[in-house]
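Asker: Please find one structure pasted underneath; my questions will follow.
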Number of protein chains: 4
Amino acid sequence: MSESKLLDALIAQAKLSKKQTEKQQKIVEAAITIFAEKGYANTSTSEIAKAAGVAEGTIFRHYGTKDNLLLSVILPFFKESFPIMAEEVFNEIMSSNVHTFEEFLKVFLKNRINFFFENKEIAKVVIKEILYNEELKSNLLPILSENFIIRVNKALDIFKERGEFVDIPTDRIVKMVLTFIAGFLASRLVLLNDYSITEEEIEDAVHFVMDGIRNKEQ
Amino acid sequence: MSESKLLDALIAQAKLSKKQTEKQQKIVEAAITIFAEKGYANTSTSEIAKAAGVAEGTIFRHYGTKDNLLLSVILPFFKESFPIMAEEVFNEIMSSNVHTFEEFLKVFLKNRINFFFENKEIAKVVIKEILYNEELKSNLLPILSENFIIRVNKALDIFKERGEFVDIPTDRIVKMVLTFIAGFLASRLVLLNDYSITEEEIEDAVHFVMDGIRNKEQ
Amino acid sequence: MSESKLLDALIAQAKLSKKQTEKQQKIVEAAITIFAEKGYANTSTSEIAKAAGVAEGTIFRHYGTKDNLLLSVILPFFKESFPIMAEEVFNEIMSSNVHTFEEFLKVFLKNRINFFFENKEIAKVVIKEILYNEELKSNLLPILSENFIIRVNKALDIFKERGEFVDIPTDRIVKMVLTFIAGFLASRLVLLNDYSITEEEIEDAVHFVMDGIRNKEQ
Amino acid sequence: MSESKLLDALIAQAKLSKKQTEKQQKIVEAAITIFAEKGYANTSTSEIAKAAGVAEGTIFRHYGTKDNLLLSVILPFFKESFPIMAEEVFNEIMSSNVHTFEEFLKVFLKNRINFFFENKEIAKVVIKEILYNEELKSNLLPILSENFIIRVNKALDIFKERGEFVDIPTDRIVKMVLTFIAGFLASRLVLLNDYSITEEEIEDAVHFVMDGIRNKEQ
DNA sequence: GATGAATGAGATTTCATTCAT
DNA sequence: CATGAATGAAATCTCATTCAT
């Protein structure tokens, strides 16, 4: 990883990716698959080239560096991760049939889980590399927190005002909820390679977040 | 990573490490520090040698391969991770002043969190490499599940009989609890580099697991 | 030396060597020259690279390992060693003007000696490494015996039926004749670096094999 | 191999080897065994140390360098190879019941074969290394030829005067006979690992050298 | 655009040798 | 005498990257 600003790269990347050639698609696909399995650092460009049925030079013709190929894999996914939290979507969720945090959480969880599981492989790459590469982390995490945590915080505040939550500082609640969700997704995707996930399990997870595991009827 | 059974390595390793020389200690310390920061794959042995004030050859005289050096870092920590769940310790916990799962969880969490934070650096290496290296994962995870999950399962069953928990299959509860704990530790150590953790936070976490975030008094 | 079956390597090798680049030729030439002089084990790849006017990486790009470079030198020669004994050639020899074993031996010796001396350097490498490297030996010798000894045996049997030979079991005769020929070639090439060999000497050698050194006229 | 004069080393060696300690014996034994199997260049001193049950430092305490260890293995054998040809022994052979070259050859062959097979392992080392290592060869071969070939030449001349041989220049006869004997020993020891050798085979070999393979009664 | 041969910097590994104990 | 930890030079090998075609 060079010390380039990721956001600049993000923009520059967008410009380049006007039209992807067939070869480019194959390269990215192969890269995702192998990065997901063995990790970026343990994957050689020649391996990717072979898997993509492409000459090694072709990779560099399109992506310049291996680092840049990784960004070309990660950034689009990264950008797509946010819209759910975009003002519009957020408002939409809040307006419709979502009247409690439990409902919000269910919608939110289902949405994000679907998104992640529809993009299993890339998600795996993103999680692995963010956890593994300090520089990538220090570039991407701030963006995450600016876009993500702040908005969830805001959402929670709304519901908190309604007195739905226990009396713990919001940011600590956010931390715990996100920890659980992140842990949930990461453990399934990266740790367990468990790509099956049922509606029932999501319900369980929501219940867990909402009410914990204690039996209140006792 | 060779395809050898890790447990064999674990045993072989134990034999070799009769007495550590001063240089060996320096090597392992340097390795832990740099692996923790940059990851195993992004760390060169020459870098370690330099940091340890040692000739590069010395690393290989003692550890044979870079892979083996990683194991020498990971395995001792790995082995030390289990005792808490050993029959004796477990029974001890269960007997004394632990009468509810909440109490058990508090003791357990504090113990494990302390252990992890006392070994921050190694823990970081272990988490990173287990998540990153498929082969390491496939060798270490089974050992974890055999030693860890099964016992937690047993513990939960005991408390479940007492009707302490909601009516969800035990294994699913275990999964969620461990997901949360793992997520909690991993996010703090690897993601946030947040090495501060207060008693208060642990209490919060336990409450979260027990009762979720819903305000029951409403 | 890997423990792979050499014949597999032989085939794999054939596939790879579609077209040799100019640099590859230089590498192989340099390798042969230096291997022949100093032996495989005493030759470093950097030495070969330097002699070939090539970057060291280029060697590994084409041959993967030093072992494989050796095979790329040896195997083509090895394969070319057999044709003389192929059915067609053998029959041709037997039919034409070859009516006695003495004649056969003369043709055979001249042919093989020419082949070896036309490929002095490689032959030297092959002989040295087969004698020196146990694993190479255990892989190549069986192929030799299957292709070579059996056929010579057959040839001898033909002439033996005609009563040309002393009454010693054929296989023992073969052993002695081949021992002499092998000794002859090896000693000239490897031991004495004596690359000159006259028609006269071949005649002498044939006489020696046929009639020994005793003076029958006495 | 340093460029030291081997004969000087031979003498220096003799001085050192006054008394061999127990460890020294083990070292030399281990060295012979492993050198014989894998060759000098493919054997590491640590391997020898392990096989000898000795610390690596001990090897260097006694032999200074790995090269010198090889000489300590080779030279004693080398020196013992000559006595048969020493004036006395030679005369003894010539006087007793040896009246023909055939008889001489039989005695000589039996003697040398016995010597080689009694020292199989060392012989193997010597043959392999003389063939493999150009420098060793250029140091040892001249000594051989001075001590060996010249004397055999002389012997042959004696018998030649008696008209026992075909009319070929003596040195060429010597070359062929020695080629055969050397090929015979080398192929058995180094190539075939065939350590069994019967009286019968020796007789065959002598017949072969004397009369070749042609059937004279035809 | 695409190729793949070539590079060279750097990574891992080996190993004879030294030296303090 | 013997040890074995330590060394560092050199060996094998990897791989992102360049460039002529």
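Just so we're on the same page: first chain in the structure tokens is A, next is B, and so on; residues restart at 1 for each chain, and ligands are numbered from 1 in the order they show up.
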For a quick test of understanding: name the residues of chain F lying within 12 Å of chain D when counting only C-alpha atoms (C1' of nucleotides), and present them as a PDB file with all heavy atoms, in the first residue's frame.
Answerer:
ATOM      1  P    DC F   1      42.510 -34.772  22.888  1.00  0.00           P
ATOM      2  OP1  DC F   1      41.837 -35.662  22.028  1.00  0.00           O
ATOM      3  OP2  DC F   1      43.306 -35.040  24.015  1.00  0.00           O
ATOM      4  O5'  DC F   1      41.840 -33.369  22.656  1.00  0.00           O
ATOM      5  C5'  DC F   1      41.332 -32.546  23.723  1.00  0.00           C
ATOM      6  C4'  DC F   1      39.997 -33.023  24.220  1.00  0.00           C
ATOM      7  O4'  DC F   1      39.543 -32.129  25.214  1.00  0.00           O
ATOM      8  C3'  DC F   1      38.943 -33.051  23.124  1.00  0.00           C
ATOM      9  O3'  DC F   1      38.011 -34.080  23.436  1.00  0.00           O
ATOM     10  C2'  DC F   1      38.312 -31.681  23.244  1.00  0.00           C
ATOM     11  C1'  DC F   1      38.403 -31.430  24.751  1.00  0.00           C
ATOM     12  N1   DC F   1      38.585 -29.996  25.125  1.00  0.00           N
ATOM     13  C2   DC F   1      37.630 -29.394  25.953  1.00  0.00           C
ATOM     14  O2   DC F   1      36.660 -30.057  26.336  1.00  0.00           O
ATOM     15  N3   DC F   1      37.786 -28.081  26.291  1.00  0.00           N
ATOM     16  C4   DC F   1      38.848 -27.406  25.856  1.00  0.00           C
ATOM     17  N4   DC F   1      38.967 -26.139  26.223  1.00  0.00           N
ATOM     18  C5   DC F   1      39.832 -28.015  25.017  1.00  0.00           C
ATOM     19  C6   DC F   1      39.673 -29.298  24.672  1.00  0.00           C
ATOM     20  P    DA F   2      36.868 -34.545  22.402  1.00  0.00           P
ATOM     21  OP1  DA F   2      36.374 -35.904  22.690  1.00  0.00           O
ATOM     22  OP2  DA F   2      37.329 -34.200  21.046  1.00  0.00           O
ATOM     23  O5'  DA F   2      35.719 -33.522  22.821  1.00  0.00           O
ATOM     24  C5'  DA F   2      35.042 -33.739  24.059  1.00  0.00           C
ATOM     25  C4'  DA F   2      33.928 -32.753  24.178  1.00  0.00           C
ATOM     26  O4'  DA F   2      34.482 -31.434  24.395  1.00  0.00           O
ATOM     27  C3'  DA F   2      33.035 -32.644  22.936  1.00  0.00           C
ATOM     28  O3'  DA F   2      31.722 -32.984  23.350  1.00  0.00           O
ATOM     29  C2'  DA F   2      33.185 -31.202  22.466  1.00  0.00           C
ATOM     30  C1'  DA F   2      33.671 -30.490  23.726  1.00  0.00           C
ATOM     31  N9   DA F   2      34.528 -29.323  23.526  1.00  0.00           N
ATOM     32  C8   DA F   2      35.674 -29.248  22.782  1.00  0.00           C
ATOM     33  N7   DA F   2      36.247 -28.067  22.826  1.00  0.00           N
ATOM     34  C5   DA F   2      35.416 -27.313  23.642  1.00  0.00           C
ATOM     35  C6   DA F   2      35.468 -25.971  24.089  1.00  0.00           C
ATOM     36  N6   DA F   2      36.430 -25.132  23.745  1.00  0.00           N
ATOM     37  N1   DA F   2      34.476 -25.547  24.905  1.00  0.00           N
ATOM     38  C2   DA F   2      33.507 -26.403  25.253  1.00  0.00           C
ATOM     39  N3   DA F   2      33.351 -27.685  24.904  1.00  0.00           N
ATOM     40  C4   DA F   2      34.352 -28.069  24.096  1.00  0.00           C
ATOM     41  P    DT F   3      30.541 -32.951  22.324  1.00  0.00           P
ATOM     42  OP1  DT F   3      29.499 -33.909  22.776  1.00  0.00           O
ATOM     43  OP2  DT F   3      31.090 -33.044  20.968  1.00  0.00           O
ATOM     44  O5'  DT F   3      29.996 -31.493  22.569  1.00  0.00           O
ATOM     45  C5'  DT F   3      29.454 -31.185  23.845  1.00  0.00           C
ATOM     46  C4'  DT F   3      29.089 -29.738  23.896  1.00  0.00           C
ATOM     47  O4'  DT F   3      30.258 -28.946  23.607  1.00  0.00           O
ATOM     48  C3'  DT F   3      28.058 -29.311  22.850  1.00  0.00           C
ATOM     49  O3'  DT F   3      26.831 -29.147  23.500  1.00  0.00           O
ATOM     50  C2'  DT F   3      28.617 -28.022  22.245  1.00  0.00           C
ATOM     51  C1'  DT F   3      29.801 -27.696  23.143  1.00  0.00           C
ATOM     52  N1   DT F   3      30.969 -27.042  22.502  1.00  0.00           N
ATOM     53  C2   DT F   3      31.224 -25.732  22.784  1.00  0.00           C
ATOM     54  O2   DT F   3      30.514 -25.065  23.530  1.00  0.00           O
ATOM     55  N3   DT F   3      32.333 -25.203  22.160  1.00  0.00           N
ATOM     56  C4   DT F   3      33.200 -25.869  21.310  1.00  0.00           C
ATOM     57  O4   DT F   3      34.165 -25.294  20.812  1.00  0.00           O
ATOM     58  C5   DT F   3      32.877 -27.242  21.050  1.00  0.00           C
ATOM     59  C7   DT F   3      33.746 -28.042  20.150  1.00  0.00           C
ATOM     60  C6   DT F   3      31.788 -27.761  21.649  1.00  0.00           C
ATOM     61  P    DG F   4      25.488 -29.592  22.794  1.00  0.00           P
ATOM     62  OP1  DG F   4      24.578 -30.171  23.800  1.00  0.00           O
ATOM     63  OP2  DG F   4      25.813 -30.344  21.568  1.00  0.00           O
ATOM     64  O5'  DG F   4      24.949 -28.168  22.376  1.00  0.00           O
ATOM     65  C5'  DG F   4      25.040 -27.065  23.277  1.00  0.00           C
ATOM     66  C4'  DG F   4      24.973 -25.780  22.484  1.00  0.00           C
ATOM     67  O4'  DG F   4      26.305 -25.435  22.030  1.00  0.00           O
ATOM     68  C3'  DG F   4      24.131 -25.847  21.212  1.00  0.00           C
ATOM     69  O3'  DG F   4      23.642 -24.555  20.915  1.00  0.00           O
ATOM     70  C2'  DG F   4      25.169 -26.189  20.154  1.00  0.00           C
ATOM     71  C1'  DG F   4      26.243 -25.240  20.628  1.00  0.00           C
ATOM     72  N9   DG F   4      27.545 -25.473  20.054  1.00  0.00           N
ATOM     73  C8   DG F   4      27.997 -26.591  19.391  1.00  0.00           C
ATOM     74  N7   DG F   4      29.224 -26.467  18.974  1.00  0.00           N
ATOM     75  C5   DG F   4      29.610 -25.194  19.389  1.00  0.00           C
ATOM     76  C6   DG F   4      30.833 -24.507  19.229  1.00  0.00           C
ATOM     77  O6   DG F   4      31.861 -24.898  18.671  1.00  0.00           O
ATOM     78  N1   DG F   4      30.801 -23.236  19.805  1.00  0.00           N
ATOM     79  C2   DG F   4      29.709 -22.704  20.458  1.00  0.00           C
ATOM     80  N2   DG F   4      29.846 -21.475  20.950  1.00  0.00           N
ATOM     81  N3   DG F   4      28.561 -23.341  20.621  1.00  0.00           N
ATOM     82  C4   DG F   4      28.588 -24.580  20.068  1.00  0.00           C
ATOM     83  P    DA F   5      22.166 -24.200  21.225  1.00  0.00           P
ATOM     84  OP1  DA F   5      21.771 -24.776  22.514  1.00  0.00           O
ATOM     85  OP2  DA F   5      21.441 -24.522  19.989  1.00  0.00           O
ATOM     86  O5'  DA F   5      22.237 -22.611  21.382  1.00  0.00           O
ATOM     87  C5'  DA F   5      22.983 -22.053  22.463  1.00  0.00           C
ATOM     88  C4'  DA F   5      23.627 -20.751  22.041  1.00  0.00           C
ATOM     89  O4'  DA F   5      24.846 -21.005  21.306  1.00  0.00           O
ATOM     90  C3'  DA F   5      22.763 -19.879  21.146  1.00  0.00           C
ATOM     91  O3'  DA F   5      22.974 -18.524  21.532  1.00  0.00           O
ATOM     92  C2'  DA F   5      23.307 -20.155  19.738  1.00  0.00           C
ATOM     93  C1'  DA F   5      24.786 -20.418  20.017  1.00  0.00           C
ATOM     94  N9   DA F   5      25.442 -21.363  19.111  1.00  0.00           N
ATOM     95  C8   DA F   5      24.961 -22.577  18.702  1.00  0.00           C
ATOM     96  N7   DA F   5      25.784 -23.224  17.914  1.00  0.00           N
ATOM     97  C5   DA F   5      26.872 -22.388  17.790  1.00  0.00           C
ATOM     98  C6   DA F   5      28.093 -22.496  17.085  1.00  0.00           C
ATOM     99  N6   DA F   5      28.425 -23.551  16.341  1.00  0.00           N
ATOM    100  N1   DA F   5      28.965 -21.475  17.175  1.00  0.00           N
ATOM    101  C2   DA F   5      28.640 -20.412  17.928  1.00  0.00           C
ATOM    102  N3   DA F   5      27.533 -20.191  18.637  1.00  0.00           N
ATOM    103  C4   DA F   5      26.679 -21.231  18.527  1.00  0.00           C
TER     104       DA F   5
END
Asker: Up to 10 Å from chain D, what residues of chain E turn up? Count only C-alpha atoms (C1' of nucleotides) and give them as a list in words.
Answerer: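 Contact residues on the first chain: DT14, DC15, DA16, DT17, DT18 and DC19 of chain E.
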Asker: Next, write the just-selected residues to a file, as a CSV table (one decimal), in the first residue's frame, keeping all heavy atoms as the atom set.
Answerer:
chain,number,residue,atom,x,y,z
E,14,DT,P,16.5,-24.4,4.6
E,14,DT,OP1,16.1,-25.7,4.1
E,14,DT,OP2,16.3,-24.0,6.0
E,14,DT,O5',18.1,-24.2,4.3
E,14,DT,C5',18.4,-24.2,2.9
E,14,DT,C4',19.9,-24.1,2.8
E,14,DT,O4',20.4,-22.8,3.2
E,14,DT,C3',20.7,-25.1,3.8
E,14,DT,O3',21.7,-25.7,3.0
E,14,DT,C2',21.2,-24.1,4.9
E,14,DT,C1',21.5,-22.9,4.1
E,14,DT,N1,21.4,-21.6,4.8
E,14,DT,C2,22.4,-20.6,4.5
E,14,DT,O2,23.3,-20.8,3.8
E,14,DT,N3,22.3,-19.5,5.2
E,14,DT,C4,21.3,-19.1,6.1
E,14,DT,O4,21.2,-18.0,6.6
E,14,DT,C5,20.3,-20.1,6.3
E,14,DT,C7,19.1,-19.8,7.2
E,14,DT,C6,20.4,-21.3,5.7
E,15,DC,P,22.3,-27.0,3.5
E,15,DC,OP1,22.7,-27.8,2.4
E,15,DC,OP2,21.6,-27.6,4.6
E,15,DC,O5',23.7,-26.4,4.1
E,15,DC,C5',24.3,-25.4,3.3
E,15,DC,C4',25.5,-24.9,4.1
E,15,DC,O4',25.1,-23.7,4.7
E,15,DC,C3',26.0,-25.8,5.2
E,15,DC,O3',27.4,-25.9,5.0
E,15,DC,C2',25.6,-25.1,6.5
E,15,DC,C1',25.7,-23.7,6.0
E,15,DC,N1,24.8,-22.8,6.8
E,15,DC,C2,25.1,-21.5,7.0
E,15,DC,O2,26.2,-21.0,6.5
E,15,DC,N3,24.3,-20.7,7.8
E,15,DC,C4,23.2,-21.2,8.3
E,15,DC,N4,22.4,-20.3,9.0
E,15,DC,C5,22.8,-22.5,8.1
E,15,DC,C6,23.6,-23.3,7.4
E,16,DA,P,28.2,-27.2,5.4
E,16,DA,OP1,28.2,-28.1,4.2
E,16,DA,OP2,27.7,-27.7,6.7
E,16,DA,O5',29.7,-26.6,5.5
E,16,DA,C5',30.2,-25.8,4.5
E,16,DA,C4',31.0,-24.6,5.0
E,16,DA,O4',30.2,-23.8,5.7
E,16,DA,C3',32.2,-25.0,5.9
E,16,DA,O3',33.2,-24.1,5.5
E,16,DA,C2',31.6,-24.7,7.3
E,16,DA,C1',30.6,-23.6,7.0
E,16,DA,N9,29.5,-23.6,7.9
E,16,DA,C8,28.6,-24.6,8.2
E,16,DA,N7,27.6,-24.3,8.9
E,16,DA,C5,27.8,-22.9,9.2
E,16,DA,C6,27.1,-22.0,10.0
E,16,DA,N6,26.0,-22.3,10.6
E,16,DA,N1,27.5,-20.7,10.0
E,16,DA,C2,28.7,-20.4,9.3
E,16,DA,N3,29.4,-21.2,8.6
E,16,DA,C4,28.9,-22.5,8.5
E,17,DT,P,34.6,-24.4,6.2
E,17,DT,OP1,35.6,-23.8,5.3
E,17,DT,OP2,34.7,-25.8,6.6
E,17,DT,O5',34.6,-23.4,7.5
E,17,DT,C5',34.4,-22.0,7.2
E,17,DT,C4',34.1,-21.3,8.5
E,17,DT,O4',32.8,-21.6,9.1
E,17,DT,C3',35.1,-21.6,9.7
E,17,DT,O3',35.8,-20.4,10.0
E,17,DT,C2',34.2,-22.1,10.8
E,17,DT,C1',32.9,-21.5,10.4
E,17,DT,N1,31.7,-22.1,11.0
E,17,DT,C2,30.9,-21.4,11.8
E,17,DT,O2,31.1,-20.2,12.0
E,17,DT,N3,29.8,-22.0,12.3
E,17,DT,C4,29.4,-23.4,12.1
E,17,DT,O4,28.4,-23.8,12.6
E,17,DT,C5,30.3,-24.1,11.3
E,17,DT,C7,30.1,-25.6,11.0
E,17,DT,C6,31.4,-23.5,10.8
E,18,DT,P,37.0,-20.4,11.0
E,18,DT,OP1,38.0,-19.6,10.4
E,18,DT,OP2,37.2,-21.8,11.5
E,18,DT,O5',36.3,-19.5,12.2
E,18,DT,C5',35.6,-18.4,11.9
E,18,DT,C4',35.0,-17.8,13.1
E,18,DT,O4',33.8,-18.5,13.6
E,18,DT,C3',35.9,-17.8,14.3
E,18,DT,O3',35.8,-16.5,15.0
E,18,DT,C2',35.4,-18.9,15.2
E,18,DT,C1',33.9,-18.9,14.9
E,18,DT,N1,33.2,-20.1,15.1
E,18,DT,C2,32.0,-20.1,15.8
E,18,DT,O2,31.5,-19.1,16.3
E,18,DT,N3,31.4,-21.3,15.8
E,18,DT,C4,31.8,-22.6,15.3
E,18,DT,O4,31.1,-23.6,15.4
E,18,DT,C5,33.0,-22.5,14.6
E,18,DT,C7,33.6,-23.8,14.0
E,18,DT,C6,33.7,-21.3,14.5
E,19,DC,P,36.9,-16.0,16.0
E,19,DC,OP1,37.1,-14.6,15.7
E,19,DC,OP2,38.0,-16.9,16.0
E,19,DC,O5',36.1,-16.2,17.4
E,19,DC,C5',34.7,-15.8,17.5
E,19,DC,C4',34.2,-16.2,18.8
E,19,DC,O4',33.6,-17.5,18.6
E,19,DC,C3',35.2,-16.3,19.9
E,19,DC,O3',34.6,-15.9,21.1
E,19,DC,C2',35.5,-17.8,20.0
E,19,DC,C1',34.1,-18.4,19.7
E,19,DC,N1,34.1,-19.8,19.2
E,19,DC,C2,32.9,-20.6,19.4
E,19,DC,O2,32.0,-20.1,20.1
E,19,DC,N3,32.9,-21.8,19.0
E,19,DC,C4,34.0,-22.3,18.3
E,19,DC,N4,33.9,-23.5,17.9
E,19,DC,C5,35.1,-21.5,18.0
E,19,DC,C6,35.1,-20.2,18.5
Asker: At a cut-off of 9 Å, list the chain B residues touching chain A, using only C-alpha atoms, as a PyMOL selection string.
Answerer: chain B and resi 37-39+41-42+102+128-135+137+141+163-168+172-173+176-177+179-184+186-187+190-191+201+204-205+207-218
Asker: What is the distance between atom CA of C:Ala31 and atom CA of C:Ala49, in Å to one decimal?
Answerer: 8.6 Å
Asker: Based on DSSP run over this structure's backbone, return all residues of stretch 85-167 of chain B in helix (DSSP H, G or I), as a ChimeraX atom specification.
Answerer: /B:85,87-95,101-118,120-132,134-161
Asker: Could you check the closest approach to E:DT13 for each of B:Phe117, B:Arg151, B:Ser72, B:Tyr63 and tell me which residue wins, using only C-alpha atoms (C1' of nucleotides)?
Answerer: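 For E:DT13, the nearest of the candidates is B:Tyr63.
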Asker: Give me, please, the distance in Å between atom CA of C:Ile74 and atom CA of C:Val126, quoted to one decimal.
Answerer: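 Interatomic distance, atom CA of C:Ile74 to atom CA of C:Val126: 5.9 Å.
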Asker: Please measure the separation of atom CA of C:Glu29 and atom CA of C:Phe116, giving the value in Å to one decimal.
Answerer: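 Atom-to-atom, atom CA of C:Glu29 to atom CA of C:Phe116, that is 16.5 Å.
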Asker: Skip B:Phe77 itself and residues of its chain fewer than 4 positions away, then list as a PyMOL selection string all residues within 9 Å of it, counting only C-alpha atoms (C1' of nucleotides).
Answerer: chain B and resi 73+81+119+122-123+126
Asker: Dump C-alpha atoms for the selected residues as a short mmCIF file (atom, residue, chain, number, x, y, z; two decimals), in the first residue's frame?
Answerer:
data_model
loop_
_atom_site.label_atom_id
_atom_site.label_comp_id
_atom_site.auth_asym_id
_atom_site.auth_seq_id
_atom_site.Cartn_x
_atom_site.Cartn_y
_atom_site.Cartn_z
CA VAL B 73 4.60 -17.11 18.66
CA SER B 81 -6.17 -19.88 26.00
CA ASN B 119 -1.15 -10.45 25.90
CA ILE B 122 0.22 -11.86 20.66
CA ALA B 123 -3.54 -11.88 20.73
CA VAL B 126 -3.31 -14.71 16.58
#
Asker: Hey, which of A:Thr43, A:Leu105, A:Leu144, A:Phe159 ends up closest to F:DT14? Count only C-alpha atoms (C1' of nucleotides).
Answerer: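 Result for the nearest residue to F:DT14: A:Thr43.
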